[in-house]
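A.B. asks: start-v1.txt (compact mmCIF, C-alpha atoms) pasted underneath:
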```txt
# COMPACT_ATOMS: atom_id res chain seq x y z
CA MET A 1 8.71 -20.06 -7.79
CA ALA A 2 8.72 -23.81 -7.38
CA SER A 3 6.73 -25.52 -10.10
CA SER A 4 6.27 -29.11 -9.01
CA SER A 5 2.60 -29.97 -9.20
CA GLU A 6 2.70 -31.72 -5.81
CA THR A 7 4.09 -28.61 -4.13
CA MET A 8 1.51 -26.36 -5.80
CA ALA A 9 -1.29 -28.74 -4.84
CA TYR A 10 -0.08 -28.70 -1.22
CA LEU A 11 0.09 -24.90 -1.22
CA ALA A 12 -3.37 -24.63 -2.82
CA GLY A 13 -4.78 -26.84 -0.07
CA LEU A 14 -3.04 -24.74 2.55
CA PHE A 15 -4.52 -21.55 1.09
CA ASP A 16 -7.96 -23.16 0.73
CA GLY A 17 -7.95 -24.01 4.44
CA GLU A 18 -5.92 -21.26 6.08
CA GLY A 19 -5.54 -18.49 3.51
CA CYS A 20 -7.28 -15.22 2.81
CA ILE A 21 -7.70 -13.79 -0.67
CA THR A 22 -8.74 -10.17 -0.99
CA TYR A 23 -10.00 -8.80 -4.30
CA ARG A 24 -12.02 -5.62 -4.01
CA GLN A 25 -12.10 -2.04 -5.09
CA ARG A 26 -12.09 0.61 -2.39
CA SER A 27 -12.60 4.32 -2.32
CA GLU A 28 -10.42 6.44 -0.08
CA HIS A 29 -9.79 10.12 0.53
CA ARG A 30 -6.16 11.10 0.23
CA LYS A 31 -4.77 13.60 2.67
CA GLY A 32 -5.58 17.14 1.58
CA LYS A 33 -7.80 16.04 -1.33
CA ARG A 34 -11.54 16.51 -1.53
CA LYS A 35 -12.19 13.80 -4.07
CA ALA A 36 -12.15 10.13 -3.08
CA TYR A 37 -10.03 7.91 -5.33
CA ASN A 38 -10.75 4.31 -6.24
CA PHE A 39 -8.02 1.74 -5.92
CA TRP A 40 -7.81 -2.03 -6.05
CA ASN A 41 -6.92 -4.05 -2.97
CA ILE A 42 -5.52 -7.33 -4.35
CA ARG A 43 -3.80 -9.53 -1.79
CA ILE A 44 -3.18 -13.17 -0.94
CA GLU A 45 -2.13 -14.06 2.59
CA ILE A 46 -1.92 -16.88 5.06
CA ASN A 47 -1.71 -16.62 8.86
CA MET A 48 -0.78 -19.37 11.27
CA ILE A 49 1.18 -20.00 14.45
CA ASP A 50 3.67 -22.38 12.78
CA LYS A 51 6.65 -20.34 11.58
CA GLN A 52 8.19 -23.28 9.71
CA THR A 53 5.15 -23.58 7.42
CA ILE A 54 5.10 -19.84 6.70
CA ASP A 55 8.82 -19.93 5.86
CA TYR A 56 8.19 -22.90 3.56
CA VAL A 57 5.42 -20.99 1.72
CA HIS A 58 7.73 -18.00 1.31
CA LYS A 59 10.58 -20.16 0.03
CA MET A 60 8.46 -22.19 -2.41
CA LEU A 61 6.61 -19.21 -3.89
CA GLY A 62 9.67 -16.97 -4.01
CA CYS A 63 7.73 -13.76 -3.49
CA GLY A 64 5.82 -11.86 -0.85
CA SER A 65 6.88 -11.01 2.67
CA THR A 66 6.60 -12.51 6.12
CA ASP A 67 6.07 -10.96 9.50
CA HIS A 68 5.09 -11.86 13.06
CA ARG A 69 2.13 -10.52 14.96
CA PRO A 70 2.45 -10.82 18.75
CA PRO A 71 -0.46 -12.42 20.62
CA TYR A 72 -3.28 -10.30 21.94
CA PRO A 73 -3.76 -10.48 25.72
CA HIS A 74 -6.48 -13.13 25.38
CA GLN A 75 -4.37 -15.34 23.05
CA ASN A 76 -1.66 -17.86 23.85
CA HIS A 77 0.34 -17.62 20.60
CA GLY A 78 1.36 -14.97 18.12
CA GLN A 79 0.78 -15.46 14.42
CA TYR A 80 3.18 -15.60 11.52
CA ARG A 81 1.96 -14.17 8.25
CA TRP A 82 3.02 -14.48 4.62
CA ARG A 83 1.42 -12.16 2.12
CA CYS A 84 1.80 -10.79 -1.36
CA SER A 85 -0.12 -8.29 -3.42
CA HIS A 86 -0.83 -7.11 -6.96
CA ARG A 87 1.48 -8.70 -9.59
CA ASP A 88 2.96 -11.15 -7.09
CA ALA A 89 -0.61 -12.18 -6.24
CA LEU A 90 -1.18 -12.80 -9.95
CA LYS A 91 1.84 -15.12 -10.12
CA VAL A 92 0.68 -17.06 -7.07
CA ALA A 93 -2.92 -17.23 -8.30
CA LYS A 94 -1.83 -18.65 -11.65
CA ALA A 95 0.35 -21.26 -9.95
CA ILE A 96 -2.25 -22.61 -7.51
CA VAL A 97 -5.62 -22.06 -9.23
CA PRO A 98 -5.59 -25.47 -11.00
CA TYR A 99 -5.41 -27.19 -7.60
CA SER A 100 -7.65 -24.90 -5.56
CA ILE A 101 -11.20 -25.80 -4.60
CA THR A 102 -12.72 -23.32 -2.13
CA LYS A 103 -10.74 -20.24 -3.17
CA ARG A 104 -10.74 -20.91 -6.93
CA ASP A 105 -13.26 -18.16 -7.76
CA LYS A 106 -11.28 -15.46 -5.94
CA LEU A 107 -8.02 -16.61 -7.52
CA GLN A 108 -9.66 -16.52 -10.95
CA GLN A 109 -10.86 -12.95 -10.28
CA ILE A 110 -7.25 -11.89 -9.70
CA ILE A 111 -6.13 -13.59 -12.92
CA ASP A 112 -8.99 -12.04 -14.91
CA HIS A 113 -8.22 -8.61 -13.46
CA TYR A 114 -4.70 -8.61 -14.91
CA GLU A 115 -5.35 -10.65 -18.04
CA LYS A 116 -8.50 -9.19 -19.53
CA ASP A 117 -9.42 -10.46 -22.95
CA THR A 118 -8.02 -7.62 -25.05
CA PRO A 119 -4.80 -7.63 -27.08
CA GLU A 120 -3.25 -4.96 -24.86
CA TYR A 121 -3.99 -6.85 -21.67
CA ARG A 122 -2.96 -10.23 -23.07
CA SER A 123 0.43 -8.84 -24.06
CA GLY A 124 1.34 -7.53 -20.64
CA GLY A 125 -1.48 -5.77 -18.88
CA ALA A 126 -2.79 -2.29 -18.43
CA TYR A 127 0.62 -0.76 -17.79
CA ARG A 128 1.94 -1.74 -21.23
CA ALA A 129 -1.30 -0.58 -22.82
CA MET A 130 -0.89 2.80 -21.12
CA LEU A 131 2.72 3.07 -22.32
CA LYS A 132 1.64 2.24 -25.86
CA LEU A 133 -1.01 4.98 -25.82
CA PHE A 134 1.53 7.42 -24.44
CA ALA A 135 4.06 6.54 -27.17
CA ASP A 136 1.35 6.82 -29.86
CA ASN A 137 0.38 10.28 -28.58
CA ILE A 138 4.01 11.43 -28.74
CA LYS A 139 4.33 10.11 -32.33
CA ASN A 140 1.14 11.93 -33.33
CA GLU A 141 2.41 15.18 -31.82
CA ASN A 142 5.74 14.85 -33.65
CA ASN A 143 4.01 14.12 -36.98
CA SER A 144 1.75 17.18 -36.71
```
Output the file's structure in the form of structure tokens.

C.D. replies:
Amino acid sequence: MASSSETMAYLAGLFDGEGCITYRQRSEHRKGKRKAYNFWNIRIEINMIDKQTIDYVHKMLGCGSTDHRPPYPHQNHGQYRWRCSHRDALKVAKAIVPYSITKRDKLQQIIDHYEKDTPEYRSGGAYRAMLKLFADNIKNENNS
């Protein structure tokens, strides 16, 4: 990921004007299951008709994916899209939040989601905390 402050400021402005940041919890029924499961939808994306700008975003951030959506019958141009989700969204949010204005709150929500103020979360997130609990349970079983 490029780290120059000018580049990050440019990208933050681009996301403030053209980007979409999704941070919400959804509930969905999985096929063949009665119970609905909650999951987090965490995504940062930008859509525009200029392919060169989308390629630049992808190159500078070094993560995410790009694709092309053909135009609908009532449109003249298709759209190019760059997007990333989950941990990649965290990396992007941390890089551009100091320069963001209109999307700062949503970016901060993503950062707070992954870096909650507990020792387990500060040292690497929920996944490491889960692994630590799992390892502790195995140790306790072996000691009994």

A.B. asks: Separation of CA of Gly64 in chain A and CA of His29 in chain A, in Å?

C.D. replies: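 Separating CA of Gly64 in chain A from CA of His29 in chain A is a distance of 27.0 Å.
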
A.B. asks: In Å to one decimal, how far is CA of Lys116 in chain A from CA of Leu11 in chain A?

C.D. replies: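 It comes out at 25.6 Å.
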
A.B. asks: Considering all atoms listed in the file, return as an MDAnalysis selection string whatever protein or nucleic-acid residues lie within 10 Å of Ser5 in chain A, sequence-local ones (same chain, fewer than 2 positions apart) excluded.

C.D. replies: chainID A and resid 2:3 7:11 95:96 98:99

A.B. asks: Restricting the calculation to all atoms listed in the file: of A:Arg104, A:Asp16, A:Glu45, A:Asp67, which residue gets closest to Asp88 in chain A?

C.D. replies: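 Smallest separation from Asp88 in chain A among the options: A:Glu45.
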
A.B. asks: Measuring atom to atom with all atoms listed in the file, identify which of A:Tyr80, A:Tyr23, A:Phe39, A:Tyr72 is nearest to His58 in chain A.

C.D. replies: A:Tyr80

A.B. asks: Tell me which of A:Val92, A:Ile49, A:Cys63, A:Ile101 sits closest to Asn76 in chain A, counting all atoms listed in the file.

C.D. replies: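 The closest residue to Asn76 in chain A is A:Ile49.
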
A.B. asks: I'd like the neighbourhood of Gln79 in chain A as a PDB file with C-alpha atoms, keeping the file's coordinate frame, where a residue qualifies if any of its atoms comes within 8 Å (using all atoms listed in the file), though same-chain residues fewer than 5 positions away should be ignored.

C.D. replies:
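Result file follows (part_15.pdb):
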```pdb
ATOM      1  CA  ASN A  47      -1.710 -16.620   8.860  1.00  0.00           C
ATOM      2  CA  MET A  48      -0.780 -19.370  11.270  1.00  0.00           C
ATOM      3  CA  ILE A  49       1.180 -20.000  14.450  1.00  0.00           C
ATOM      4  CA  ASP A  50       3.670 -22.380  12.780  1.00  0.00           C
ATOM      5  CA  HIS A  68       5.090 -11.860  13.060  1.00  0.00           C
ATOM      6  CA  ARG A  69       2.130 -10.520  14.960  1.00  0.00           C
ATOM      7  CA  PRO A  70       2.450 -10.820  18.750  1.00  0.00           C
ATOM      8  CA  PRO A  71      -0.460 -12.420  20.620  1.00  0.00           C
TER       9      PRO A  71
END
```

A.B. asks: With a distance cut-off of 12 Å and only C-alpha atoms, select the neighbouring residues of Gly19 in chain A, excluding the residue or stretch itself and same-chain residues fewer than 4 positions from it, and output the selection as a PyMOL selection string.

C.D. replies: chain A and resi 11-15+43-48+54+57+81-84+100+102-104+106-107

A.B. asks: Just checking: using only C-alpha atoms, which residue out of A:His113, A:Lys35, A:Lys51, A:Arg24 ends up closest to Ala93 in chain A?

C.D. replies: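 Closest to Ala93 in chain A of all the choices is A:His113.
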
A.B. asks: Enter the distance from CA of Ser85 in chain A to CA of Lys31 in chain A, in Å, rounded to one decimal.

C.D. replies: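 Result for CA of Ser85 in chain A versus CA of Lys31 in chain A: 23.2 Å, one decimal.
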
A.B. asks: Check the smallest atom-to-atom distance from each of A:Leu61, A:Arg87, A:Thr66, A:Glu115 to Ser4 in chain A using only C-alpha atoms, then report the winner.

C.D. replies: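 Of A:Leu61, A:Arg87, A:Thr66, A:Glu115, the one nearest Ser4 in chain A is A:Leu61, counting only C-alpha atoms.
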
A.B. asks: Considering all atoms listed in the file, return as a PyMOL selection string whatever protein or nucleic-acid residues lie within 10 Å of Asn38 in chain A, sequence-local ones (same chain, fewer than 6 positions apart) excluded.

C.D. replies: chain A and resi 25-29

A.B. asks: Hey, could you patch up range 51-81 of chain A with N, CA and C atoms and hand it over as a compact mmCIF listing (two decimals), keeping the file's coordinate frame?

C.D. replies:
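Now in selection.txt:
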```
# COMPACT_ATOMS: atom_id res chain seq x y z
N LYS A 51 5.69 -21.12 12.36
CA LYS A 51 6.65 -20.34 11.58
C LYS A 51 7.28 -21.16 10.45
N GLN A 52 7.55 -22.43 10.71
CA GLN A 52 8.19 -23.28 9.71
C GLN A 52 7.34 -23.39 8.44
N THR A 53 6.03 -23.49 8.59
CA THR A 53 5.15 -23.58 7.42
C THR A 53 5.13 -22.27 6.65
N ILE A 54 5.09 -21.15 7.36
CA ILE A 54 5.10 -19.84 6.70
C ILE A 54 6.42 -19.65 5.94
N ASP A 55 7.53 -20.03 6.55
CA ASP A 55 8.82 -19.93 5.86
C ASP A 55 8.87 -20.82 4.62
N TYR A 56 8.25 -22.00 4.70
CA TYR A 56 8.19 -22.90 3.56
C TYR A 56 7.38 -22.27 2.42
N VAL A 57 6.24 -21.67 2.74
CA VAL A 57 5.42 -20.99 1.72
C VAL A 57 6.23 -19.90 1.04
N HIS A 58 6.92 -19.10 1.85
CA HIS A 58 7.73 -18.00 1.31
C HIS A 58 8.83 -18.53 0.40
N LYS A 59 9.49 -19.58 0.81
CA LYS A 59 10.58 -20.16 0.03
C LYS A 59 10.07 -20.77 -1.27
N MET A 60 8.99 -21.52 -1.22
CA MET A 60 8.46 -22.19 -2.41
C MET A 60 7.89 -21.21 -3.43
N LEU A 61 7.22 -20.16 -2.96
CA LEU A 61 6.61 -19.21 -3.89
C LEU A 61 7.61 -18.16 -4.37
N GLY A 62 8.63 -17.90 -3.58
CA GLY A 62 9.67 -16.97 -4.01
C GLY A 62 9.23 -15.52 -4.14
N CYS A 63 8.17 -15.15 -3.46
CA CYS A 63 7.73 -13.76 -3.49
C CYS A 63 6.97 -13.47 -2.20
N GLY A 64 6.57 -12.25 -2.03
CA GLY A 64 5.82 -11.86 -0.85
C GLY A 64 6.73 -11.53 0.32
N SER A 65 6.12 -11.34 1.46
CA SER A 65 6.88 -11.01 2.67
C SER A 65 6.27 -11.74 3.85
N THR A 66 7.07 -11.87 4.89
CA THR A 66 6.60 -12.51 6.12
C THR A 66 6.76 -11.55 7.28
N ASP A 67 5.92 -11.73 8.27
CA ASP A 67 6.07 -10.96 9.50
C ASP A 67 5.44 -11.73 10.65
N HIS A 68 5.61 -11.23 11.85
CA HIS A 68 5.09 -11.86 13.06
C HIS A 68 4.21 -10.88 13.79
N ARG A 69 3.04 -11.33 14.16
CA ARG A 69 2.13 -10.52 14.96
C ARG A 69 2.09 -11.09 16.36
N PRO A 70 2.46 -10.31 17.37
CA PRO A 70 2.45 -10.82 18.75
C PRO A 70 1.03 -11.16 19.18
N PRO A 71 0.90 -12.04 20.17
CA PRO A 71 -0.46 -12.42 20.62
C PRO A 71 -1.16 -11.27 21.33
N TYR A 72 -2.46 -11.23 21.17
CA TYR A 72 -3.28 -10.30 21.94
C TYR A 72 -3.35 -10.84 23.37
N PRO A 73 -3.74 -10.01 24.32
CA PRO A 73 -3.76 -10.48 25.72
C PRO A 73 -4.59 -11.74 25.96
N HIS A 74 -5.64 -11.95 25.18
CA HIS A 74 -6.48 -13.13 25.38
C HIS A 74 -6.00 -14.35 24.59
N GLN A 75 -4.88 -14.24 23.86
CA GLN A 75 -4.37 -15.34 23.05
C GLN A 75 -3.10 -15.94 23.66
N ASN A 76 -2.85 -17.19 23.35
CA ASN A 76 -1.66 -17.86 23.85
C ASN A 76 -0.47 -17.76 22.89
N HIS A 77 -0.73 -17.61 21.59
CA HIS A 77 0.34 -17.62 20.60
C HIS A 77 0.22 -16.43 19.66
N GLY A 78 1.36 -15.96 19.19
CA GLY A 78 1.36 -14.97 18.12
C GLY A 78 1.14 -15.67 16.79
N GLN A 79 0.99 -14.89 15.75
CA GLN A 79 0.78 -15.46 14.42
C GLN A 79 1.88 -15.01 13.48
N TYR A 80 2.26 -15.92 12.60
CA TYR A 80 3.18 -15.60 11.52
C TYR A 80 2.34 -15.42 10.27
N ARG A 81 2.75 -14.48 9.43
CA ARG A 81 1.96 -14.17 8.25
C ARG A 81 2.87 -14.08 7.03
```
